[in-house]
$ cat work-v6.cif   # mmCIF, C-alpha atoms and all ligand atoms
data_target
loop_
_atom_site.label_atom_id
_atom_site.label_comp_id
_atom_site.auth_asym_id
_atom_site.auth_seq_id
_atom_site.Cartn_x
_atom_site.Cartn_y
_atom_site.Cartn_z
CA MET A 1 2.23 45.00 -0.08
CA LYS A 2 1.88 45.81 3.60
CA ARG A 3 4.69 44.72 5.90
CA SER A 4 2.25 42.69 8.08
CA THR A 5 1.05 40.80 4.98
CA LEU A 6 4.64 39.98 4.11
CA ILE A 7 5.25 38.67 7.61
CA ILE A 8 2.14 36.49 7.43
CA ILE A 9 3.23 35.09 4.06
CA PHE A 10 6.72 34.44 5.43
CA VAL A 11 5.37 32.68 8.55
CA MET A 12 2.91 30.61 6.52
CA GLY A 13 5.68 29.70 4.10
CA PHE A 14 7.79 28.50 6.99
CA VAL A 15 4.89 26.50 8.44
CA PHE A 16 4.30 24.80 5.09
CA TYR A 17 8.03 24.18 4.71
CA ALA A 18 8.25 22.65 8.19
CA PHE A 19 5.10 20.64 7.56
CA GLY A 20 6.55 19.38 4.29
CA GLN A 21 9.73 18.26 6.03
CA ASN A 22 7.70 16.41 8.62
CA ARG A 23 5.57 14.68 6.09
CA GLN A 24 8.21 12.13 5.22
CA MET A 25 5.94 9.18 5.78
CA CYS A 26 8.34 6.51 4.62
CA ALA A 27 11.79 5.82 6.05
CA THR A 28 12.95 3.37 3.37
CA ASP A 29 16.55 3.95 2.23
CA VAL A 30 17.10 5.19 -1.31
CA PRO A 31 18.87 2.38 -3.22
CA ASP A 32 22.33 3.10 -4.61
CA SER A 33 23.41 3.03 -8.25
CA ARG A 34 25.08 -0.40 -8.01
CA TRP A 35 21.81 -1.95 -6.88
CA GLU A 36 19.88 -0.14 -9.64
CA SER A 37 22.27 -1.17 -12.40
CA GLU A 38 22.09 -4.83 -11.33
CA PHE A 39 18.29 -4.54 -11.22
CA GLN A 40 18.30 -2.99 -14.73
CA ARG A 41 20.50 -5.81 -16.04
CA LEU A 42 18.01 -8.40 -14.72
CA ILE A 43 14.96 -6.53 -16.09
CA LYS A 44 16.54 -6.32 -19.56
CA ARG A 45 17.58 -9.98 -19.47
CA ASP A 46 14.07 -11.09 -18.51
CA LYS A 47 12.57 -9.07 -21.36
CA LEU A 48 15.06 -10.57 -23.80
CA ASN A 49 14.53 -14.14 -22.59
CA GLN A 50 10.83 -13.68 -21.94
CA GLU A 51 11.51 -15.25 -18.56
CA PRO A 52 8.54 -17.46 -17.63
CA ARG A 53 6.77 -16.31 -14.51
CA ALA A 54 4.74 -18.18 -11.95
CA SER A 55 1.06 -18.18 -12.88
CA THR A 56 0.17 -16.48 -9.61
CA TYR A 57 2.68 -15.35 -7.02
CA THR A 58 1.87 -16.21 -3.44
CA ILE A 59 3.36 -14.43 -0.45
CA PRO A 60 2.83 -15.81 3.06
CA VAL A 61 2.81 -12.94 5.54
CA VAL A 62 3.52 -12.93 9.26
CA PHE A 63 2.70 -9.85 11.33
CA HIS A 64 4.88 -9.60 14.45
CA ILE A 65 2.63 -7.50 16.67
CA VAL A 66 4.83 -5.90 19.32
CA HIS A 67 3.00 -4.75 22.47
CA SER A 68 3.69 -4.11 26.13
CA GLY A 69 1.12 -6.39 27.73
CA GLU A 70 -2.12 -4.86 26.41
CA ALA A 71 -5.01 -7.24 25.88
CA ILE A 72 -5.61 -8.49 22.34
CA GLY A 73 -7.67 -5.83 20.59
CA THR A 74 -6.22 -2.96 22.68
CA PHE A 75 -3.75 -0.69 20.85
CA PRO A 76 -1.09 -1.52 19.82
CA ASN A 77 -1.97 -5.20 20.26
CA LEU A 78 -4.28 -5.14 17.23
CA ASP A 79 -6.88 -7.85 16.82
CA SER A 80 -6.92 -10.31 13.95
CA ALA A 81 -9.82 -8.57 12.18
CA GLN A 82 -7.71 -5.43 11.65
CA ILE A 83 -4.87 -7.58 10.27
CA ASN A 84 -7.28 -9.51 8.02
CA SER A 85 -8.59 -6.26 6.58
CA GLN A 86 -5.00 -5.34 5.61
CA ILE A 87 -4.61 -8.60 3.66
CA THR A 88 -7.82 -7.81 1.77
CA VAL A 89 -6.42 -4.38 0.87
CA LEU A 90 -3.15 -5.88 -0.41
CA ASN A 91 -4.95 -8.44 -2.55
CA GLU A 92 -7.03 -5.75 -4.17
CA ASP A 93 -4.30 -3.11 -4.54
CA PHE A 94 -1.66 -5.35 -6.14
CA ASN A 95 -4.23 -6.79 -8.53
CA GLY A 96 -5.42 -3.40 -9.78
CA VAL A 97 -8.87 -3.40 -8.18
CA GLY A 98 -8.32 -1.49 -4.94
CA LEU A 99 -10.46 1.19 -3.34
CA ASN A 100 -11.03 4.04 -5.81
CA ALA A 101 -9.30 2.40 -8.79
CA ASP A 102 -12.63 3.02 -10.51
CA THR A 103 -12.19 6.79 -10.04
CA TYR A 104 -9.12 6.91 -12.36
CA PRO A 105 -9.86 9.89 -14.65
CA ALA A 106 -11.25 8.99 -18.08
CA ASN A 107 -8.39 10.79 -19.84
CA ALA A 108 -5.60 10.01 -17.36
CA PHE A 109 -2.21 10.63 -18.97
CA VAL A 110 -3.55 9.93 -22.49
CA ASN A 111 -1.82 12.90 -24.11
CA TRP A 112 1.35 12.43 -22.12
CA ALA A 113 1.48 8.75 -23.18
CA ILE A 114 1.20 9.81 -26.84
CA ALA A 115 3.89 12.46 -26.42
CA GLN A 116 6.19 9.91 -24.78
CA GLY A 117 5.44 7.22 -27.37
CA LEU A 118 4.59 4.66 -24.68
CA PRO A 119 4.16 1.12 -26.03
CA ALA A 120 0.66 -0.40 -26.23
CA SER A 121 1.53 -2.74 -23.35
CA SER A 122 1.51 0.25 -20.97
CA LEU A 123 -1.89 1.52 -22.13
CA ASP A 124 -5.49 0.51 -21.45
CA SER A 125 -8.33 0.44 -23.97
CA LYS A 126 -8.92 4.19 -23.50
CA GLY A 127 -5.28 5.02 -24.19
CA ARG A 128 -4.63 5.87 -20.55
CA VAL A 129 -1.52 4.74 -18.68
CA LYS A 130 -2.74 1.33 -17.60
CA ILE A 131 -3.39 0.32 -13.98
CA GLY A 132 -1.06 -2.67 -13.58
CA SER A 133 -1.89 -6.03 -12.01
CA LEU A 134 0.84 -8.21 -10.52
CA ASP A 135 -1.37 -11.32 -10.33
CA ILE A 136 -0.34 -12.01 -6.77
CA ARG A 137 -1.95 -13.37 -3.63
CA PHE A 138 -0.97 -12.35 -0.10
CA CYS A 139 -2.06 -14.78 2.57
CA LEU A 140 -1.76 -15.15 6.31
CA ALA A 141 0.77 -17.82 7.27
CA LEU A 142 -0.92 -20.84 8.84
CA TYR A 143 2.26 -22.32 10.30
CA ASP A 144 5.22 -21.01 12.26
CA THR A 145 8.85 -21.80 11.46
CA SER A 146 8.64 -25.14 13.31
CA GLY A 147 5.57 -26.21 11.35
CA ASN A 148 3.14 -25.66 14.23
CA ALA A 149 -0.30 -24.31 13.35
CA LEU A 150 -0.61 -20.70 14.47
CA PRO A 151 -3.48 -19.98 16.89
CA GLU A 152 -4.18 -16.85 14.84
CA PRO A 153 -3.14 -17.14 11.18
CA GLY A 154 -0.40 -14.71 10.20
CA ILE A 155 0.04 -13.31 13.70
CA ASP A 156 2.98 -13.58 16.10
CA ARG A 157 2.29 -11.56 19.25
CA ILE A 158 5.35 -10.40 21.17
CA ASP A 159 5.25 -8.80 24.62
CA ILE A 160 8.32 -6.53 24.91
CA HIS A 161 8.76 -7.67 28.54
CA SER A 162 9.34 -11.26 27.42
CA LYS A 163 12.28 -10.03 25.30
CA ALA A 164 13.46 -7.22 27.59
CA TRP A 165 12.99 -4.80 24.68
CA THR A 166 12.74 -1.04 24.93
CA ASN A 167 9.23 0.18 24.17
CA PRO A 168 9.45 1.41 20.54
CA ASN A 169 7.32 4.44 21.42
CA THR A 170 10.19 5.84 23.53
CA LEU A 171 12.57 6.02 20.54
CA THR A 172 12.04 9.57 19.42
CA ASP A 173 14.20 10.00 16.35
CA ARG A 174 14.35 8.12 13.10
CA VAL A 175 17.97 7.03 13.29
CA ARG A 176 17.63 5.53 16.77
CA PHE A 177 14.32 3.91 15.88
CA LYS A 178 15.68 2.24 12.73
CA LYS A 179 18.83 1.13 14.56
CA TYR A 180 16.79 -0.51 17.30
CA LEU A 181 14.60 -2.21 14.72
CA ASP A 182 17.55 -3.55 12.73
CA ASN A 183 19.84 -4.41 15.64
CA VAL A 184 17.41 -5.74 18.23
CA ILE A 185 13.75 -6.24 17.30
CA LYS A 186 14.16 -7.76 13.85
CA PRO A 187 17.08 -10.15 14.51
CA GLN A 188 15.43 -11.44 17.68
CA SER A 189 12.05 -12.16 16.11
CA ILE A 190 12.47 -12.63 12.35
CA TRP A 191 11.10 -15.71 10.59
CA ASP A 192 12.88 -17.31 7.61
CA VAL A 193 12.90 -14.54 4.99
CA THR A 194 12.88 -17.01 2.10
CA LYS A 195 9.51 -18.32 3.34
CA TYR A 196 7.69 -15.37 4.91
CA LEU A 197 7.21 -11.66 4.38
CA ASN A 198 7.94 -10.36 7.89
CA VAL A 199 5.94 -7.30 8.97
CA TRP A 200 6.57 -5.74 12.38
CA VAL A 201 3.71 -3.70 13.83
CA THR A 202 4.45 -1.44 16.79
CA ASP A 203 3.51 1.84 18.40
CA LYS A 204 5.84 4.79 17.79
CA SER A 205 6.74 8.11 19.36
CA ARG A 206 4.62 11.14 18.41
CA SER A 207 7.78 12.88 17.26
CA LEU A 208 8.58 10.14 14.75
CA HIS A 209 6.67 11.04 11.59
CA ASN A 210 7.32 7.89 9.60
CA MET A 211 4.51 5.43 9.09
CA GLY A 212 6.52 2.63 7.54
CA VAL A 213 9.91 1.40 6.39
CA SER A 214 10.97 -1.49 4.18
CA SER A 215 14.13 -3.28 3.18
CA ILE A 216 14.87 -3.41 -0.53
CA PRO A 217 15.22 -6.74 -2.35
CA PRO A 218 18.81 -7.98 -2.31
CA PHE A 219 20.49 -9.12 -5.52
CA SER A 220 23.94 -10.45 -6.12
CA THR A 221 26.01 -9.68 -9.18
CA LEU A 222 27.27 -12.25 -11.68
CA GLU A 223 30.36 -12.48 -9.48
CA GLY A 224 28.17 -13.22 -6.46
CA ILE A 225 28.74 -9.86 -4.76
CA PRO A 226 25.72 -8.64 -2.79
CA VAL A 227 24.42 -5.22 -3.84
CA SER A 228 22.26 -4.23 -0.90
CA SER A 229 22.64 -4.14 2.85
CA THR A 230 19.49 -6.25 3.35
CA THR A 231 20.31 -9.38 5.38
CA ASP A 232 18.41 -12.44 6.50
CA SER A 233 18.10 -10.89 9.97
CA THR A 234 16.76 -7.49 8.82
CA ASP A 235 14.66 -8.20 5.72
CA GLY A 236 11.05 -7.06 6.00
CA ILE A 237 8.79 -4.13 6.79
CA TRP A 238 7.83 -2.06 9.82
CA CYS A 239 4.48 -0.26 10.04
CA TRP A 240 3.01 1.93 12.76
CA ALA A 241 0.06 0.07 14.29
CA LYS A 242 -2.35 2.94 13.44
CA ALA A 243 -1.46 2.69 9.74
CA VAL A 244 -2.25 -1.02 9.44
CA GLY A 245 -5.59 -2.32 8.18
CA SER A 246 -8.64 -0.73 6.68
CA TYR A 247 -11.07 1.44 8.54
CA PRO A 248 -13.79 1.00 5.87
CA LEU A 249 -13.50 -2.79 6.22
CA TYR A 250 -13.06 -2.87 9.97
CA PRO A 251 -14.23 0.33 11.66
CA SER A 252 -13.60 -1.04 15.17
CA GLY A 253 -9.80 -0.94 14.76
CA TYR A 254 -7.25 1.79 15.54
CA TYR A 255 -6.42 4.26 12.75
CA LYS A 256 -4.83 7.63 12.09
CA SER A 257 -6.89 9.96 9.91
CA ASN A 258 -4.75 10.01 6.73
CA ASN A 259 -3.82 6.33 6.94
CA ILE A 260 -7.16 4.61 7.14
CA ALA A 261 -7.15 2.43 4.05
CA GLY A 262 -4.09 0.18 4.47
CA ARG A 263 -2.01 1.90 1.79
CA THR A 264 1.08 2.32 4.01
CA LEU A 265 1.76 -1.39 3.70
CA THR A 266 0.89 -1.37 -0.02
CA HIS A 267 3.54 1.37 -0.46
CA GLU A 268 6.16 -0.43 1.65
CA ILE A 269 5.62 -3.75 -0.15
CA GLY A 270 6.20 -1.75 -3.33
CA HIS A 271 9.70 -0.98 -1.95
CA TYR A 272 10.08 -4.58 -0.73
CA LEU A 273 9.56 -5.64 -4.36
CA GLY A 274 11.99 -3.07 -5.78
CA LEU A 275 9.96 0.07 -6.46
CA ARG A 276 11.24 3.59 -5.88
CA HIS A 277 9.27 6.71 -4.99
CA ILE A 278 7.47 8.15 -7.98
CA TRP A 279 9.47 11.42 -7.83
CA GLY A 280 12.79 9.53 -7.69
CA ASP A 281 13.74 11.01 -4.27
CA ARG A 282 15.15 14.20 -5.81
CA PRO A 283 13.35 16.91 -7.79
CA CYS A 284 12.24 15.48 -11.16
CA ALA A 285 14.48 12.44 -10.71
CA ASN A 286 14.17 8.94 -12.14
CA ASP A 287 12.11 6.10 -10.71
CA TYR A 288 13.26 3.90 -13.63
CA CYS A 289 9.73 3.37 -14.93
CA ASP A 290 8.98 4.82 -18.38
CA ASP A 291 5.23 4.90 -17.77
CA THR A 292 5.30 7.13 -14.67
CA PRO A 293 5.61 10.86 -15.43
CA THR A 294 8.46 12.69 -13.67
CA ALA A 295 7.41 14.57 -10.55
CA SER A 296 9.00 17.55 -8.83
CA SER A 297 8.50 16.13 -5.32
CA ALA A 298 6.19 14.03 -3.17
CA ASN A 299 2.50 14.94 -3.26
CA THR A 300 0.27 14.92 -0.21
CA GLY A 301 -3.43 15.31 0.52
CA ASN A 302 -6.09 14.69 -2.11
CA PRO A 303 -5.07 16.49 -5.34
CA SER A 304 -7.18 16.92 -8.47
CA TYR A 305 -6.18 15.72 -11.93
CA PRO A 306 -4.24 17.07 -13.79
CA LEU A 307 -1.67 18.14 -11.19
CA ASN A 308 1.51 20.21 -11.66
CA SER A 309 1.71 19.91 -15.45
CA GLY A 310 5.10 21.22 -16.54
CA SER A 311 6.64 20.90 -13.06
CA CYS A 312 9.35 18.81 -14.74
CA SER A 313 10.47 19.16 -18.32
CA SER A 314 8.84 15.96 -19.57
CA ASN A 315 5.55 15.68 -17.69
CA ALA A 316 3.35 18.05 -19.72
CA PRO A 317 0.48 18.11 -20.52
CA ASP A 318 -0.90 15.71 -17.89
CA GLY A 319 1.35 16.39 -14.90
CA GLU A 320 2.22 14.13 -11.99
CA MET A 321 0.79 10.70 -11.14
CA PHE A 322 -0.31 11.54 -7.59
CA MET A 323 -2.66 8.51 -7.51
CA ASN A 324 0.28 6.12 -7.65
CA PHE A 325 0.91 4.02 -4.53
CA MET A 326 4.54 5.18 -4.53
CA ASP A 327 3.52 8.79 -3.86
CA TYR A 328 2.59 10.25 -0.41
CA THR A 329 -1.04 11.23 -1.12
CA ILE A 330 -3.45 10.20 1.65
CA ASP A 331 -4.69 6.65 1.70
CA PRO A 332 -8.05 6.63 -0.10
CA TYR A 333 -6.74 8.70 -3.02
CA LYS A 334 -3.89 6.55 -4.28
CA TYR A 335 -4.90 3.39 -6.03
CA MET A 336 -2.50 2.25 -8.76
CA PHE A 337 0.77 0.74 -9.89
CA THR A 338 1.76 0.94 -13.57
CA VAL A 339 2.82 -1.85 -15.94
CA ASN A 340 6.51 -0.91 -15.65
CA GLN A 341 6.26 -0.94 -11.87
CA VAL A 342 4.69 -4.40 -12.11
CA GLU A 343 7.63 -5.53 -14.29
CA ARG A 344 10.11 -4.39 -11.64
CA MET A 345 8.19 -6.27 -8.96
CA GLN A 346 8.10 -9.43 -11.13
CA THR A 347 11.86 -9.20 -11.66
CA ALA A 348 12.42 -8.90 -7.90
CA LEU A 349 10.16 -11.90 -7.29
CA ILE A 350 12.02 -13.97 -9.89
CA HIS A 351 15.60 -13.02 -9.04
CA SER A 352 16.02 -11.80 -5.48
CA PRO A 353 17.25 -14.69 -3.31
CA PHE A 354 14.97 -13.57 -0.47
CA ARG A 355 11.93 -13.37 -2.72
CA ASN A 356 12.13 -16.12 -5.33
CA LYS A 357 11.00 -19.02 -3.14
CA LEU A 358 8.17 -17.25 -1.34
CA GLY A 359 4.94 -19.17 -1.66
CA SER A 360 6.55 -22.53 -2.43
CA HIS A 361 6.45 -24.00 1.09
CA GLY A 362 2.72 -24.62 1.53
CA LEU A 363 2.58 -22.23 4.47
CA CYS A 364 -0.81 -20.80 3.78
CA THR A 365 -3.99 -21.36 1.97
CA SER A 366 -6.71 -18.90 1.24
CA THR A 367 -10.27 -19.26 0.16
CA LEU A 368 -9.82 -16.18 -1.99
CA SER A 369 -8.97 -17.41 -5.46
CA ASN A 370 -7.42 -15.15 -8.01
CA ALA A 371 -10.15 -15.91 -10.48
CA LYS A 372 -12.56 -14.35 -8.03
CA LEU A 373 -10.40 -11.27 -7.67
CA ASN A 374 -10.25 -10.75 -11.38
CA ASP A 375 -13.78 -11.57 -12.39
CA ASN A 376 -16.06 -8.96 -13.89
CA SER A 377 -18.80 -9.31 -11.36
CA LEU A 378 -17.35 -6.81 -8.92
CA PRO A 379 -19.96 -4.84 -7.02
CA GLY A 380 -20.95 -1.42 -8.30
CA LEU A 381 -22.52 1.69 -6.93
CA TYR A 382 -24.95 3.92 -8.87
CA PRO A 383 -25.18 6.83 -9.16
CA ASN A 384 -21.87 8.08 -7.81
CA PRO A 385 -21.80 10.98 -6.92
CA THR A 386 -25.34 10.93 -5.62
CA ALA A 387 -27.75 13.49 -4.23
CA GLY A 388 -29.76 10.94 -2.24
CA SER A 389 -30.37 7.24 -2.85
CA ILE A 390 -27.83 4.81 -4.23
CA ILE A 391 -28.21 1.33 -5.66
CA LEU A 392 -25.61 -1.32 -4.85
CA LYS A 393 -25.38 -3.83 -7.69
CA ARG A 394 -23.92 -7.35 -7.89
CA VAL A 395 -23.80 -7.77 -4.11
CA SER A 396 -25.48 -11.17 -3.68
CA LYS A 397 -22.23 -12.85 -2.56
CA TYR A 398 -21.91 -10.48 0.41
CA ASN A 399 -23.70 -10.86 3.75
CA SER A 400 -23.79 -7.35 5.12
CA VAL A 401 -23.08 -3.72 4.30
CA ILE A 402 -21.85 -0.86 6.50
CA VAL A 403 -21.85 2.80 5.44
CA SER A 404 -19.59 5.13 7.40
CA ASN A 405 -18.62 8.76 7.01
CA ILE A 406 -15.09 10.15 6.71
CA MET A 407 -14.98 10.79 10.49
CA GLY A 408 -15.47 7.10 11.19
CA ARG A 409 -19.10 7.15 12.30
CA ILE A 410 -21.26 4.27 11.11
CA ILE A 411 -24.47 5.70 9.70
CA TYR A 412 -26.02 2.61 8.14
CA LYS A 413 -25.68 -1.11 8.81
CA GLU A 414 -27.80 -3.78 7.14
CA ARG A 415 -27.80 -7.45 6.16
CA ILE A 416 -27.84 -8.01 2.43
CA ALA A 417 -30.85 -9.90 1.21
CA ARG A 418 -29.88 -12.61 -1.28
CA GLU A 419 -30.67 -10.34 -4.14
CA ASP A 420 -28.40 -8.69 -6.60
CA GLU A 421 -29.35 -5.14 -5.74
CA GLN A 422 -29.70 -3.18 -2.52
CA VAL A 423 -30.96 0.38 -2.19
CA ILE A 424 -29.53 2.72 0.46
CA ASP A 425 -31.08 6.09 1.17
CA LEU A 426 -28.59 8.78 2.22
CA SER A 427 -30.80 11.77 1.51
CA ASN A 428 -30.78 12.80 5.19
CA GLN A 429 -26.99 12.72 5.41
CA PRO A 430 -24.75 15.76 4.84
CA ASN A 431 -22.71 16.06 1.66
CA GLY A 432 -19.26 14.50 1.72
CA THR A 433 -17.31 11.27 1.34
CA TYR A 434 -18.71 7.93 2.54
CA PHE A 435 -17.30 4.42 2.64
CA ILE A 436 -19.48 1.49 1.63
CA SER A 437 -18.00 -1.69 3.15
CA LEU A 438 -19.29 -5.06 1.95
CA PHE A 439 -18.63 -8.20 3.98
CA GLY A 440 -18.83 -11.74 2.60
CA ASP A 441 -17.72 -15.28 3.46
CA GLU A 442 -14.96 -15.27 0.87
CA SER A 443 -14.02 -11.64 0.50
CA ASN A 444 -14.71 -8.11 1.64
CA ARG A 445 -14.85 -5.03 -0.50
CA ILE A 446 -14.80 -1.26 0.00
CA LEU A 447 -16.38 1.30 -2.30
CA MET A 448 -16.26 5.03 -1.90
CA LEU A 449 -19.20 7.32 -2.47
CA LEU A 450 -19.48 11.05 -2.88
CA LYS A 451 -22.68 12.81 -1.84
CA ILE A 452 -23.11 16.24 -3.42
ZN ZN B 1 8.43 5.00 0.50
#

$ encode --input "work-v6.cif" --output "structure tokens"
Amino acid sequence: MKRSTLIIIFVMGFVFYAFGQNRQMCATDVPDSRWESEFQRLIKRDKLNQEPRASTYTIPVVFHIVHSGEAIGTFPNLDSAQINSQITVLNEDFNGVGLNADTYPANAFVNWAIAQGLPASSLDSKGRVKIGSLDIRFCLALYDTSGNALPEPGIDRIDIHSKAWTNPNTLTDRVRFKKYLDNVIKPQSIWDVTKYLNVWVTDKSRSLHNMGVSSIPPFSTLEGIPVSSTTDSTDGIWCWAKAVGSYPLYPSGYYKSNNIAGRTLTHEIGHYLGLRHIWGDRPCANDYCDDTPTASSANTGNPSYPLNSGSCSSNAPDGEMFMNFMDYTIDPYKYMFTVNQVERMQTALIHSPFRNKLGSHGLCTSTLSNAKLNDNSLPGLYPNPTAGSIILKRVSKYNSVIVSNIMGRIIYKERIAREDEQVIDLSNQPNGTYFISLFGDESNRILMLLKI
């Protein structure tokens, strides 16, 4: 091999290494072993006792939108439509019907599941590792902590000047940023953590590569000793304002290219409810879920299935579960939790003192019933992939449809006639990925289309 080729390979290797280091999207702390062993004790006890669960969990959410005097709708003072689109994403993702869940490969992890001897409860009718559903509803809080109706449901706008806060976008490293969040911003603006999921939305420095961070659910041991550092003045989630909401549902918002489908908050709420990264935060480490294959490290981009089979001793022949929300793949291409991950989240909701009363204070209502989320009349798209025209089916409950390309340009916008089918002709459009966004009175929905 020529010396120049070697140099190029070395330089490229360094670039990829540096890029990999920078791609740490999530700044959530890795829980310690004391926390995990208490969590395991509770999971086992619930299984033994068949702990009854609420029929549907409800989580009232408040978004503290931190800005420096920008008008509503000007970054980072996001408008309510961008926030609403995030709630739609959460309600789909945690109930197993999010964007691209219908692209789960027909043979996903079937052979691995057999080799592992996974129980039937973790499998779907095709023998695949099942896409889990938590049966949960996220809603925008209608009332503040004093019981006053909020002018914009689920939104608390905070001008940094009114609090004499430092602009978060001037905090250039992760340690300083997290410290300022935990020591200043959160304690001075948090709402009762037993009643609300607090989400802070701010701008950030370009040099800070994290998109989100969450606290982990606190537990206390039988002796009453707390096993996490989460407190009632720091509990909650931070997200960068350009990673909140869904571009396909609300193209007029502010987004960053890889974070356009609201999955940063889905991932962070996974941590908030006790989930760990799918690779266990060390090469081939444990995420304490039997139905997620071990993974050598975080995955990024848009991989193809199967990925990295044999990268860890026990993940052959089907490789790593890069489509899991607890990986780092880009937004549209992760779309599932597993049954064991759902069990961990249920345990956190039942036992964590900051989680187990959420939804019991009548703080929000939503027109979106769970029955509607889980019904079988979800809209469909045929054929997909397509070479030209597509037919949208079961769309009569929606009012309008927008088709946009991956660059964010709207290429088609139409009202939906009160019929069950709508034909869209894309034969003049270049090949690639398109988002089909459906808007209705009660719910919105995104589908993804491939033109080949
Ligand atoms: Zn994470």

$ closest_residue --input "work-v6.cif" --among "A:Ile350, A:Leu426, A:Leu197, A:Leu363" --to "A:Thr145" --atoms "all atoms listed in the file"
A:Leu363

$ residues_near_ligand --input "work-v6.cif" --ligand "ligand ZN 1 (chain B)" --cutoff "12 Å" --atoms "all atoms listed in the file" --output "ChimeraX atom specification"
/A:23-31,210-216,237-239,263-281,287,298,324-329

$ closest_residue --input "work-v6.cif" --among "A:His67, A:Ser121, A:Val244, A:Lys178" --to "A:Lys163" --atoms "all atoms listed in the file"
A:His67

$ closest_atom_pairs --input "work-v6.cif" --of "stretch 61-161 of chain A" --to "stretch 433-437 of chain A" --cutoff "12 Å" --atoms "all atoms listed in the file" --output "CSV"
residue,atom,partner,partner_atom,distance
A:Ser85,CA,A:Ser437,CA,11.0
A:Thr88,CA,A:Ser437,CA,12.0
A:Leu99,CA,A:Phe435,CA,9.6
A:Asn100,CA,A:Phe435,CA,10.5

$ closest_atom_pairs --input "work-v6.cif" --of "stretch 123-221 of chain A" --to "stretch 340-348 of chain A" --cutoff "10 Å" --atoms "all atoms listed in the file" --output "Markdown table"
| residue | atom | partner | partner_atom | distance |
| --- | --- | --- | --- | --- |
| A:Lys130 | CA | A:Asn340 | CA | 9.7 |
| A:Ile131 | CA | A:Val342 | CA | 9.5 |
| A:Gly132 | CA | A:Val342 | CA | 6.2 |
| A:Ser133 | CA | A:Val342 | CA | 6.8 |
| A:Leu134 | CA | A:Val342 | CA | 5.6 |
| A:Asp135 | CA | A:Val342 | CA | 9.4 |
| A:Ile136 | CA | A:Gln346 | CA | 9.8 |
| A:Ile216 | CA | A:Ala348 | CA | 9.5 |
| A:Pro217 | CA | A:Ala348 | CA | 6.6 |
| A:Pro218 | CA | A:Ala348 | CA | 8.5 |
| A:Phe219 | CA | A:Ala348 | CA | 8.4 |

$ residues_around --input "work-v6.cif" --residues "A:Lys204" --least-positions-apart "2" --cutoff "10 Å" --atoms "only C-alpha atoms" --output "list in words"
Pro76, Asn167, Pro168, Asn169, Thr170, Leu171, Thr172, Asp173, Phe177, Val201, Thr202, Arg206, Ser207, Leu208, His209, Asn210, Met211, Cys239, Trp240, Ala241 and Lys242 of chain A

$ closest_residue --input "work-v6.cif" --among "A:Asn95, A:Ser252, A:Asn258, A:Asn405" --to "A:Thr56" --atoms "all atoms listed in the file"
A:Asn95

$ closest_residue --input "work-v6.cif" --among "A:Tyr57, A:Tyr143, A:Tyr196, A:Tyr250" --to "A:Ile83" --atoms "all atoms listed in the file"
A:Tyr250

$ atom_distance --input "work-v6.cif" --atom1 "atom CA of A:Gln188" --atom2 "atom CA of A:His64"
11.2 Å

$ atom_distance --input "work-v6.cif" --atom1 "atom CA of A:Thr194" --atom2 "atom CA of A:Arg174"
27.5 Å

$ atom_distance --input "work-v6.cif" --atom1 "atom CA of A:Glu70" --atom2 "atom CA of A:Ser443"
29.3 Å

$ axis_aligned_box --input "work-v6.cif" --around "stretch 87-92 of chain A" --padding-each-side "6 Å" --output "lines of an AutoDock Vina configuration file"
center_x = -5.5
center_y = -6.5
center_z = -0.3
size_x = 16.7
size_y = 16.2
size_z = 19.8

$ residues_around --input "work-v6.cif" --residues "A:Val66" --least-positions-apart "3" --cutoff "8 Å" --atoms "all atoms listed in the file" --output "number ranges by chain"
A: 76-77, 157-160, 200-203

$ closest_residue --input "work-v6.cif" --among "A:Pro430, A:Gly440, A:Pro187, A:Gly253" --to "A:Ser400" --atoms "only C-alpha atoms"
A:Gly440

$ closest_residue --input "work-v6.cif" --among "A:Gln86, A:Ser80, A:Ser389, A:Thr234" --to "A:Ile190" --atoms "all atoms listed in the file"
A:Thr234

$ decode --input "work-v6.cif" --residues "stretch 102-108 of chain A" --atoms "N, CA and C atoms" --output "mmCIF file, in the first residue's frame"
data_model
loop_
_atom_site.group_PDB
_atom_site.id
_atom_site.type_symbol
_atom_site.label_atom_id
_atom_site.label_comp_id
_atom_site.auth_asym_id
_atom_site.auth_seq_id
_atom_site.Cartn_x
_atom_site.Cartn_y
_atom_site.Cartn_z
ATOM 1 N N ASP A 102 -44.183 0.516 10.896
ATOM 2 C CA ASP A 102 -44.649 -0.447 9.892
ATOM 3 C C ASP A 102 -43.542 -0.861 8.916
ATOM 4 N N THR A 103 -42.319 -0.353 9.120
ATOM 5 C CA THR A 103 -41.208 -0.801 8.266
ATOM 6 C C THR A 103 -40.324 -1.832 8.989
ATOM 7 N N TYR A 104 -40.741 -2.260 10.175
ATOM 8 C CA TYR A 104 -40.001 -3.285 10.942
ATOM 9 C C TYR A 104 -39.844 -4.523 10.059
ATOM 10 N N PRO A 105 -38.607 -4.994 9.835
ATOM 11 C CA PRO A 105 -38.406 -6.097 8.879
ATOM 12 C C PRO A 105 -39.239 -7.347 9.222
ATOM 13 N N ALA A 106 -39.687 -8.028 8.176
ATOM 14 C CA ALA A 106 -40.604 -9.161 8.351
ATOM 15 C C ALA A 106 -39.991 -10.303 9.157
ATOM 16 N N ASN A 107 -38.650 -10.353 9.205
ATOM 17 C CA ASN A 107 -37.996 -11.444 9.943
ATOM 18 C C ASN A 107 -37.149 -10.910 11.100
ATOM 19 N N ALA A 108 -37.532 -9.739 11.625
ATOM 20 C CA ALA A 108 -36.662 -9.050 12.588
ATOM 21 C C ALA A 108 -36.432 -9.874 13.857
#
